[in-house]
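Structure file structure06.tsv with TSV, C-alpha atoms and all ligand atoms:
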chain	number	residue	atom	x	y	z
A	1	MET	CA	0.00	0.00	0.00
A	2	LEU	CA	1.17	3.49	-0.74
A	3	GLU	CA	1.61	5.80	2.19
A	4	LYS	CA	2.21	9.36	1.10
A	5	SER	CA	2.05	12.60	3.02
A	6	LYS	CA	4.24	15.46	1.93
A	7	SER	CA	4.55	19.15	1.46
A	8	LEU	CA	4.74	20.31	-2.10
A	9	ALA	CA	6.10	23.65	-3.21
A	10	GLN	CA	4.24	23.19	-6.45
A	11	THR	CA	0.83	23.84	-4.90
A	12	SER	CA	-0.33	27.42	-5.36
A	13	SER	CA	0.42	29.79	-2.50
A	14	ASP	CA	-3.23	29.79	-1.43
A	15	MET	CA	-3.46	26.02	-1.26
A	16	LEU	CA	-3.35	24.80	2.32
A	17	VAL	CA	-4.14	21.13	1.96
A	18	GLU	CA	-4.97	18.78	-0.90
A	19	MET	CA	-6.03	15.16	-0.74
A	20	HIS	CA	-5.93	13.00	-3.84
A	21	ASN	CA	-7.75	9.69	-3.83
A	22	ALA	CA	-6.89	9.33	-0.15
A	23	GLY	CA	-8.03	6.31	1.82
A	24	VAL	CA	-7.54	4.97	5.33
A	25	SER	CA	-7.82	1.29	6.18
A	26	ARG	CA	-7.71	-0.38	9.58
A	27	GLY	CA	-7.86	-4.10	10.26
A	28	GLY	CA	-8.49	-4.90	6.61
A	29	ARG	CA	-11.44	-2.49	6.37
A	30	TRP	CA	-11.60	0.84	4.56
A	31	LEU	CA	-12.79	3.54	6.93
A	32	VAL	CA	-12.86	5.99	4.07
A	33	ARG	CA	-11.62	5.78	0.51
A	34	GLY	CA	-11.22	7.78	-2.67
A	35	VAL	CA	-11.27	11.21	-1.04
A	36	ASP	CA	-10.36	14.21	-3.17
A	37	LEU	CA	-10.46	17.39	-1.19
A	38	SER	CA	-8.71	20.74	-1.08
A	39	VAL	CA	-8.84	23.75	1.20
A	40	ARG	CA	-7.41	27.10	0.15
A	41	ARG	CA	-6.76	30.18	2.22
A	42	GLY	CA	-10.04	31.99	2.92
A	43	GLU	CA	-12.11	28.98	1.88
A	44	ILE	CA	-14.66	27.09	3.99
A	45	VAL	CA	-15.09	23.40	3.23
A	46	THR	CA	-17.72	21.43	5.13
A	47	LEU	CA	-17.81	17.65	5.47
A	48	ILE	CA	-21.20	16.11	6.08
A	49	GLY	CA	-22.30	12.49	6.30
A	50	PRO	CA	-23.91	10.03	8.69
A	51	ASN	CA	-22.25	8.70	11.83
A	52	GLY	CA	-19.24	6.57	11.03
A	53	SER	CA	-19.02	7.80	7.44
A	54	GLY	CA	-15.40	8.85	7.81
A	55	LYS	CA	-15.63	12.59	8.43
A	56	SER	CA	-13.27	12.72	11.41
A	57	THR	CA	-10.93	10.22	9.76
A	58	THR	CA	-10.80	12.43	6.66
A	59	ALA	CA	-10.15	15.61	8.65
A	60	LYS	CA	-7.43	13.91	10.71
A	61	THR	CA	-5.83	12.60	7.53
A	62	ALA	CA	-5.92	16.09	6.01
A	63	ILE	CA	-3.88	17.52	8.88
A	64	GLY	CA	-1.52	14.57	9.33
A	65	ILE	CA	-2.81	13.06	12.58
A	66	ILE	CA	-3.55	9.96	10.47
A	67	GLN	CA	-1.41	8.85	7.53
A	68	PRO	CA	-3.30	7.79	4.41
A	69	SER	CA	-3.12	4.07	3.57
A	70	GLU	CA	-3.41	4.96	-0.11
A	71	GLY	CA	-3.49	8.13	-2.13
A	72	HIS	CA	-1.73	11.40	-1.33
A	73	VAL	CA	-2.05	14.31	1.05
A	74	HIS	CA	-0.15	17.50	0.27
A	75	ARG	CA	0.09	20.24	2.85
A	76	ALA	CA	1.56	23.71	2.46
A	77	GLY	CA	5.10	23.66	3.81
A	78	THR	CA	4.59	26.11	6.66
A	79	LEU	CA	1.04	25.13	7.47
A	80	ARG	CA	-0.11	26.03	10.98
A	81	VAL	CA	-3.20	24.09	11.99
A	82	GLY	CA	-5.72	24.98	14.68
A	83	TYR	CA	-7.72	21.88	15.53
A	84	VAL	CA	-10.88	21.62	17.61
A	85	PRO	CA	-11.52	17.89	18.01
A	86	GLN	CA	-14.91	16.31	18.40
A	87	LYS	CA	-14.09	15.04	21.85
A	88	VAL	CA	-11.93	16.79	24.41
A	89	ALA	CA	-10.45	14.65	27.16
A	90	LEU	CA	-11.16	16.60	30.33
A	91	ASP	CA	-11.75	15.48	33.87
A	92	TRP	CA	-14.87	17.51	34.53
A	93	THR	CA	-14.67	16.87	38.27
A	94	LEU	CA	-11.37	18.73	38.61
A	95	PRO	CA	-11.34	22.50	38.96
A	96	LEU	CA	-10.26	24.10	35.68
A	97	SER	CA	-10.71	27.72	34.71
A	98	VAL	CA	-11.27	28.84	31.13
A	99	GLU	CA	-7.95	30.69	31.26
A	100	ARG	CA	-6.16	27.50	32.29
A	101	LEU	CA	-7.96	25.51	29.57
A	102	MET	CA	-6.30	27.83	27.07
A	103	THR	CA	-2.82	26.64	28.07
A	104	LEU	CA	-3.48	22.90	28.43
A	105	THR	CA	-2.29	22.12	24.92
A	106	ALA	CA	0.34	24.85	24.43
A	107	PRO	CA	1.73	27.75	26.44
A	108	ALA	CA	0.27	31.21	25.85
A	109	GLY	CA	0.63	34.62	27.48
A	110	ARG	CA	-2.18	36.11	29.57
A	111	GLN	CA	-2.81	39.03	27.21
A	112	GLU	CA	-2.81	36.73	24.21
A	113	ILE	CA	-5.36	34.50	25.94
A	114	ARG	CA	-7.58	37.45	26.84
A	115	THR	CA	-7.48	38.74	23.26
A	116	ALA	CA	-8.39	35.32	21.85
A	117	LEU	CA	-11.25	34.89	24.34
A	118	GLU	CA	-12.53	38.40	23.57
A	119	ALA	CA	-12.44	37.65	19.84
A	120	ALA	CA	-14.48	34.51	20.46
A	121	GLY	CA	-17.02	36.49	22.51
A	122	VAL	CA	-16.16	34.86	25.84
A	123	GLY	CA	-13.65	37.35	27.27
A	124	HIS	CA	-15.87	37.81	30.32
A	125	LEU	CA	-15.63	34.10	31.13
A	126	ALA	CA	-11.86	33.83	31.59
A	127	GLU	CA	-12.14	33.12	35.33
A	128	ARG	CA	-15.15	30.86	35.01
A	129	GLN	CA	-14.87	27.12	35.69
A	130	VAL	CA	-15.01	25.15	32.45
A	131	ALA	CA	-17.59	22.76	33.97
A	132	ALA	CA	-19.93	25.73	34.43
A	133	LEU	CA	-19.89	26.80	30.78
A	134	SER	CA	-22.82	26.28	28.47
A	135	GLY	CA	-22.29	24.15	25.35
A	136	GLY	CA	-21.95	27.24	23.17
A	137	GLU	CA	-19.55	28.97	25.57
A	138	PHE	CA	-17.37	25.86	25.73
A	139	GLN	CA	-17.17	25.61	21.95
A	140	ARG	CA	-16.21	29.31	21.79
A	141	ALA	CA	-13.47	28.72	24.37
A	142	LEU	CA	-12.14	25.81	22.28
A	143	LEU	CA	-12.24	28.02	19.18
A	144	ALA	CA	-10.33	30.72	21.04
A	145	ARG	CA	-7.72	28.13	22.03
A	146	ALA	CA	-7.33	26.96	18.44
A	147	MET	CA	-6.93	30.59	17.31
A	148	LEU	CA	-4.03	31.10	19.73
A	149	ARG	CA	-1.89	29.19	17.23
A	150	LYS	CA	-2.74	31.78	14.56
A	151	PRO	CA	-3.62	28.95	12.21
A	152	ASP	CA	-3.58	29.04	8.42
A	153	LEU	CA	-6.04	26.16	8.55
A	154	LEU	CA	-8.71	25.80	11.19
A	155	VAL	CA	-10.19	22.33	11.50
A	156	LEU	CA	-13.45	22.15	13.42
A	157	ASP	CA	-14.94	18.75	14.20
A	158	GLU	CA	-18.61	19.39	14.92
A	159	PRO	CA	-18.19	22.91	16.32
A	160	VAL	CA	-21.89	23.32	17.12
A	161	GLN	CA	-22.34	20.09	19.09
A	162	GLY	CA	-24.42	20.57	22.22
A	163	VAL	CA	-25.48	24.00	21.07
A	164	ASP	CA	-29.09	25.04	20.52
A	165	PHE	CA	-30.24	26.50	17.24
A	166	THR	CA	-29.73	30.14	18.15
A	167	GLY	CA	-26.29	29.36	19.51
A	168	GLU	CA	-25.54	27.42	16.36
A	169	VAL	CA	-26.32	30.43	14.16
A	170	ALA	CA	-24.16	32.66	16.39
A	171	LEU	CA	-21.28	30.17	16.29
A	172	TYR	CA	-21.43	29.94	12.50
A	173	GLU	CA	-21.30	33.73	12.38
A	174	LEU	CA	-18.25	33.70	14.62
A	175	ILE	CA	-16.55	31.11	12.42
A	176	ARG	CA	-17.26	33.23	9.34
A	177	ASP	CA	-15.89	36.31	11.14
A	178	ILE	CA	-12.72	34.39	12.01
A	179	ARG	CA	-12.30	33.49	8.33
A	180	ASP	CA	-12.95	37.09	7.25
A	181	ARG	CA	-10.64	38.56	9.88
A	182	THR	CA	-7.73	36.18	9.56
A	183	GLY	CA	-8.11	34.82	6.01
A	184	CYS	CA	-7.52	31.29	7.27
A	185	GLY	CA	-9.00	28.28	5.51
A	186	ILE	CA	-11.59	26.28	7.41
A	187	LEU	CA	-12.31	22.57	7.21
A	188	MET	CA	-15.45	21.92	9.17
A	189	ILE	CA	-17.37	18.80	10.06
A	190	SER	CA	-21.07	19.38	10.37
A	191	HIS	CA	-23.12	17.40	12.85
A	192	ASP	CA	-26.18	17.85	10.66
A	193	LEU	CA	-26.67	16.05	7.39
A	194	HIS	CA	-28.76	18.78	5.92
A	195	ILE	CA	-27.80	22.13	7.31
A	196	VAL	CA	-24.46	23.74	6.60
A	197	MET	CA	-23.13	27.25	6.86
A	198	ALA	CA	-24.29	29.38	3.97
A	199	ASP	CA	-20.73	30.67	3.71
A	200	THR	CA	-19.45	27.22	2.94
A	201	ASP	CA	-17.71	27.25	-0.42
A	202	THR	CA	-17.76	23.50	-0.87
A	203	VAL	CA	-19.81	20.81	0.84
A	204	ILE	CA	-18.48	17.28	0.63
A	205	CYS	CA	-20.82	14.46	1.54
A	206	LEU	CA	-19.06	11.36	2.77
A	207	ASN	CA	-20.33	7.86	3.26
A	208	GLY	CA	-17.11	5.87	3.32
A	209	HIS	CA	-16.35	7.63	0.04
A	210	VAL	CA	-17.28	10.99	-1.46
A	211	CYS	CA	-20.96	10.68	-2.33
A	212	CYS	CA	-21.30	14.14	-3.78
A	213	ARG	CA	-19.94	17.66	-3.45
A	214	GLY	CA	-20.74	21.18	-4.45
A	215	GLU	CA	-21.76	24.67	-3.40
A	216	PRO	CA	-24.65	25.05	-1.00
A	217	GLN	CA	-27.09	27.55	-2.40
A	218	SER	CA	-28.46	29.75	0.27
A	219	VAL	CA	-32.10	29.97	-0.61
A	220	MET	CA	-33.97	29.55	2.60
A	221	ASP	CA	-36.97	31.62	1.70
A	222	SER	CA	-39.81	29.28	2.50
A	223	PRO	CA	-42.32	30.93	4.87
A	224	GLU	CA	-42.45	27.79	7.06
A	225	TYR	CA	-38.70	27.80	7.57
A	226	ARG	CA	-38.57	31.49	8.37
A	227	LYS	CA	-41.47	31.10	10.75
A	228	LEU	CA	-39.71	28.27	12.53
A	229	PHE	CA	-36.19	29.63	12.67
A	230	GLY	CA	-36.43	33.34	11.88
A	231	THR	CA	-35.10	35.41	9.00
A	232	ARG	CA	-31.67	35.72	10.55
A	233	ALA	CA	-31.27	31.96	10.70
A	234	ALA	CA	-32.31	31.71	7.08
A	235	GLU	CA	-29.53	34.11	6.20
A	236	ALA	CA	-26.90	32.25	8.16
A	237	LEU	CA	-27.73	28.69	7.20
A	238	ALA	CA	-28.28	26.89	3.98
A	239	LEU	CA	-29.98	23.62	3.32
A	240	TYR	CA	-28.10	21.00	1.43
A	241	ARG	CA	-29.76	17.88	0.15
A	242	HIS	CA	-28.68	15.14	-2.10
A	243	HIS	CA	-29.89	11.88	-3.50
A	244	HIS	CA	-28.32	8.53	-3.02
A	245	ASP	CA	-28.35	6.24	-5.99
A	246	HIS	CA	-26.63	3.32	-4.32
A	247	THR	CA	-26.81	1.20	-1.20
A	248	HIS	CA	-23.94	0.17	1.06
A	249	LEU	CA	-24.22	-3.54	1.81
A	250	ALA	CA	-23.27	-5.02	5.17
A	251	ASP	CA	-20.09	-6.57	3.75
A	252	GLY	CA	-18.85	-3.21	2.51
A	253	ARG	CA	-19.75	-3.74	-1.15
A	254	VAL	CA	-21.99	-1.34	-3.01
A	255	ARG	CA	-25.21	-2.09	-4.88
A	256	HIS	CA	-25.90	0.49	-7.59
A	257	ALA	CA	-29.21	1.71	-8.94
A	258	ASP	CA	-28.71	-0.48	-12.01
A	259	GLY	CA	-28.50	-3.57	-9.76
A	260	THR	CA	-24.79	-4.22	-10.19
A	261	ILE	CA	-22.67	-4.85	-7.12
A	262	THR	CA	-19.11	-3.59	-6.88
A	263	GLU	CA	-16.42	-3.68	-4.20
A	264	HIS	CA	-16.45	0.07	-3.92
A	265	CYS	CA	-17.89	3.04	-5.71
A	266	HIS	CA	-16.49	6.14	-7.31
A	267	LYS	CA	-18.43	8.98	-8.82
A	268	ASP	CA	-17.00	8.31	-12.27
A	269	ASP	CA	-17.50	4.54	-12.34
A	270	GLY	CA	-20.45	4.75	-14.69
A	271	HIS	CA	-23.00	3.54	-12.14
A	272	HIS	CA	-23.99	6.96	-10.90
A	273	HIS	CA	-26.56	9.00	-12.69
A	274	HIS	CA	-27.37	11.94	-10.52
A	275	ASP	CA	-24.77	12.78	-7.92
A	276	HIS	CA	-25.55	16.38	-7.38
A	277	VAL	CA	-26.04	19.18	-4.94
A	278	GLY	CA	-29.18	21.20	-4.76
A	279	THR	CA	-31.08	23.56	-2.57
A	280	GLU	CA	-34.56	22.31	-2.07
A	281	ALA	CA	-37.60	22.76	0.10
A	282	PRO	CA	-36.61	23.23	3.72
A	283	ALA	CA	-38.26	20.15	5.19
A	284	LYS	CA	-35.58	17.82	6.52
A	285	GLY	CA	-35.29	14.74	4.38
A	286	GLY	CA	-33.14	12.62	2.14
A	287	SER	CA	-31.57	9.52	3.57
A	288	ASP	CA	-27.99	8.59	3.67
A	289	ALA	CA	-28.33	5.26	5.39
A	290	ARG	CA	-25.85	2.60	4.60
B	1	LIG	N1	-8.58	3.49	14.71
B	1	LIG	C1	-9.66	2.90	14.18
B	1	LIG	N2	-9.66	1.56	13.99
B	1	LIG	C2	-10.75	0.94	13.47
B	1	LIG	N3	-11.86	1.60	13.09
B	1	LIG	C3	-11.89	2.92	13.26
B	1	LIG	C4	-10.81	3.64	13.82
B	1	LIG	N4	-11.14	4.95	13.85
B	1	LIG	C5	-12.38	5.05	13.34
B	1	LIG	N5	-12.83	3.82	12.99
B	1	LIG	C6	-14.13	3.53	12.35
B	1	LIG	O1	-14.12	4.20	11.11
B	1	LIG	C7	-15.41	4.67	10.79
B	1	LIG	C8	-15.34	6.16	10.49
B	1	LIG	O2	-15.11	6.85	11.70
B	1	LIG	P1	-15.12	8.44	11.79
B	1	LIG	O3	-14.90	8.82	13.22
B	1	LIG	O4	-14.19	8.98	10.76
B	1	LIG	O5	-16.61	8.76	11.34
B	1	LIG	P2	-17.44	10.10	11.45
B	1	LIG	O6	-18.10	10.31	10.13
B	1	LIG	O7	-16.59	11.22	11.93
B	1	LIG	O8	-18.52	9.68	12.53
B	1	LIG	P3	-19.38	10.52	13.61
B	1	LIG	O9	-20.34	11.37	12.85
B	1	LIG	O10	-20.07	9.43	14.37
B	1	LIG	O11	-18.41	11.30	14.44
B	1	LIG	C9	-16.30	4.29	11.96
B	1	LIG	O12	-16.96	3.11	11.62
B	1	LIG	C10	-15.32	4.06	13.09
B	1	LIG	O13	-15.81	3.13	14.02
Mind converting the file's structure to structure tokens?
Amino acid sequence: MLEKSKSLAQTSSDMLVEMHNAGVSRGGRWLVRGVDLSVRRGEIVTLIGPNGSGKSTTAKTAIGIIQPSEGHVHRAGTLRVGYVPQKVALDWTLPLSVERLMTLTAPAGRQEIRTALEAAGVGHLAERQVAALSGGEFQRALLARAMLRKPDLLVLDEPVQGVDFTGEVALYELIRDIRDRTGCGILMISHDLHIVMADTDTVICLNGHVCCRGEPQSVMDSPEYRKLFGTRAAEALALYRHHHDHTHLADGRVRHADGTITEHCHKDDGHHHHDHVGTEAPAKGGSDAR
């Protein structure tokens, strides 16, 4: 198996990370395969997909925490990564202030910490115990910590987990502000199959492979949606739906719409007829079950 991960001077100066046909296998099983992905400076790329579809594995492979089992990952030579993982290992019974949380992974000066917390909208919580933070406040603190590294690439694994809808909209606005202010690229994993930030440049839907990709079109103008979530939410979020034209069998093989069964599927293998991205009616729907 090929194992390639390298920095290439030949990528354009804006290119932060590129994956070409990257796959990760463990114990004889492909966790994810055939991933093509790139994130440039100032770009927001969102990974969506059901649980276990390989989103975290893909993000970790992009930043070098995991080496690809096949394919290639190219990162800009001087790439600084800010990473907010899905799970943070904390002993919630121990006293830990927000300020101290900021220095658990790397040292940072007090002023620097204050500035980062202010920028994330939680400057007033520096002395607060982490266990006493709300879900949204905790995610903001983690974002502030990631920003301390002044990253070129910010990788956010489910940044709105445990956050209610209003908090989710506010967090997405903060993430967009961070991109606008710093010009960093953002690779984000969305916890929701259907809703992604309107500012996302590219949505990539994974299900062990790239099912489909494209731009989310922000057209949330249905009266029902606006009534439910408000006009502001409609401006901040976009709905992304897609159709599946194949089924993942229990043994890992793929049954296509035309009835054929293959070991794996790729978008150009001739079995797919309508991989696409579209903005549709706002009712949640579309299945991505294996
Ligand atoms: N080190 C590992 N060894 C074996 N299997 C693994 C390993 N890491 C992840 N997996 C499996 O790979 C699959 C993809 O996991 P991954 O965490 O990338 O999915 P995900 O899309 O991020 O899921 P979720 O939405 O639940 O967070 C899962 O079935 C998971 O159990």
Practice item. Go through A:Arg145, A:His20, A:Arg213, A:Arg181 and flag the residue nearest Val73 (chain A), using only C-alpha atoms for the distances. Key: A:His20
Would you mind listing what lies within 12 Å of Gln111 (chain A) as a compact mmCIF listing (two decimals) with C-alpha atoms, keeping the file's coordinate frame, with all atoms listed in the file counted and same-chain residues fewer than 2 positions away left out?
# COMPACT_ATOMS: atom_id res chain seq x y z
CA GLU A 99 -7.95 30.69 31.26
CA MET A 102 -6.30 27.83 27.07
CA ALA A 108 0.27 31.21 25.85
CA GLY A 109 0.63 34.62 27.48
CA ILE A 113 -5.36 34.50 25.94
CA ARG A 114 -7.58 37.45 26.84
CA THR A 115 -7.48 38.74 23.26
CA ALA A 116 -8.39 35.32 21.85
CA LEU A 117 -11.25 34.89 24.34
CA GLU A 118 -12.53 38.40 23.57
CA GLY A 123 -13.65 37.35 27.27
CA ALA A 126 -11.86 33.83 31.59
CA LEU A 148 -4.03 31.10 19.73
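Taking all atoms listed in the file into account, ligand LIG 1 (chain B) lies nearest to A:Ser56 out of the set A:Ser134, A:Ser190, A:Ser56, A:Thr202.
Among A:Ser38, A:Ser13, A:Thr262, A:Ser25, the residue with the shortest atom-to-atom distance to Gln67 (chain A), counting all atoms listed in the file, is A:Ser25.
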How big is the axis-aligned box around the listed atoms of ligand LIG 1 (chain B) once 5 Å is added on each side, and where is its centre? Give both in Å to one decimal, as JSON.
{"center_x": -14.5, "center_y": 6.2, "center_z": 12.4, "size_x": 21.8, "size_y": 20.4, "size_z": 14.6}
Review point. Which of these, A:Arg40, A:Arg29, A:Lys55, A:Arg255, has the shortest distance to ligand LIG 1 (chain B) once you count only C-alpha atoms and all ligand atoms?
Key: A:Lys55
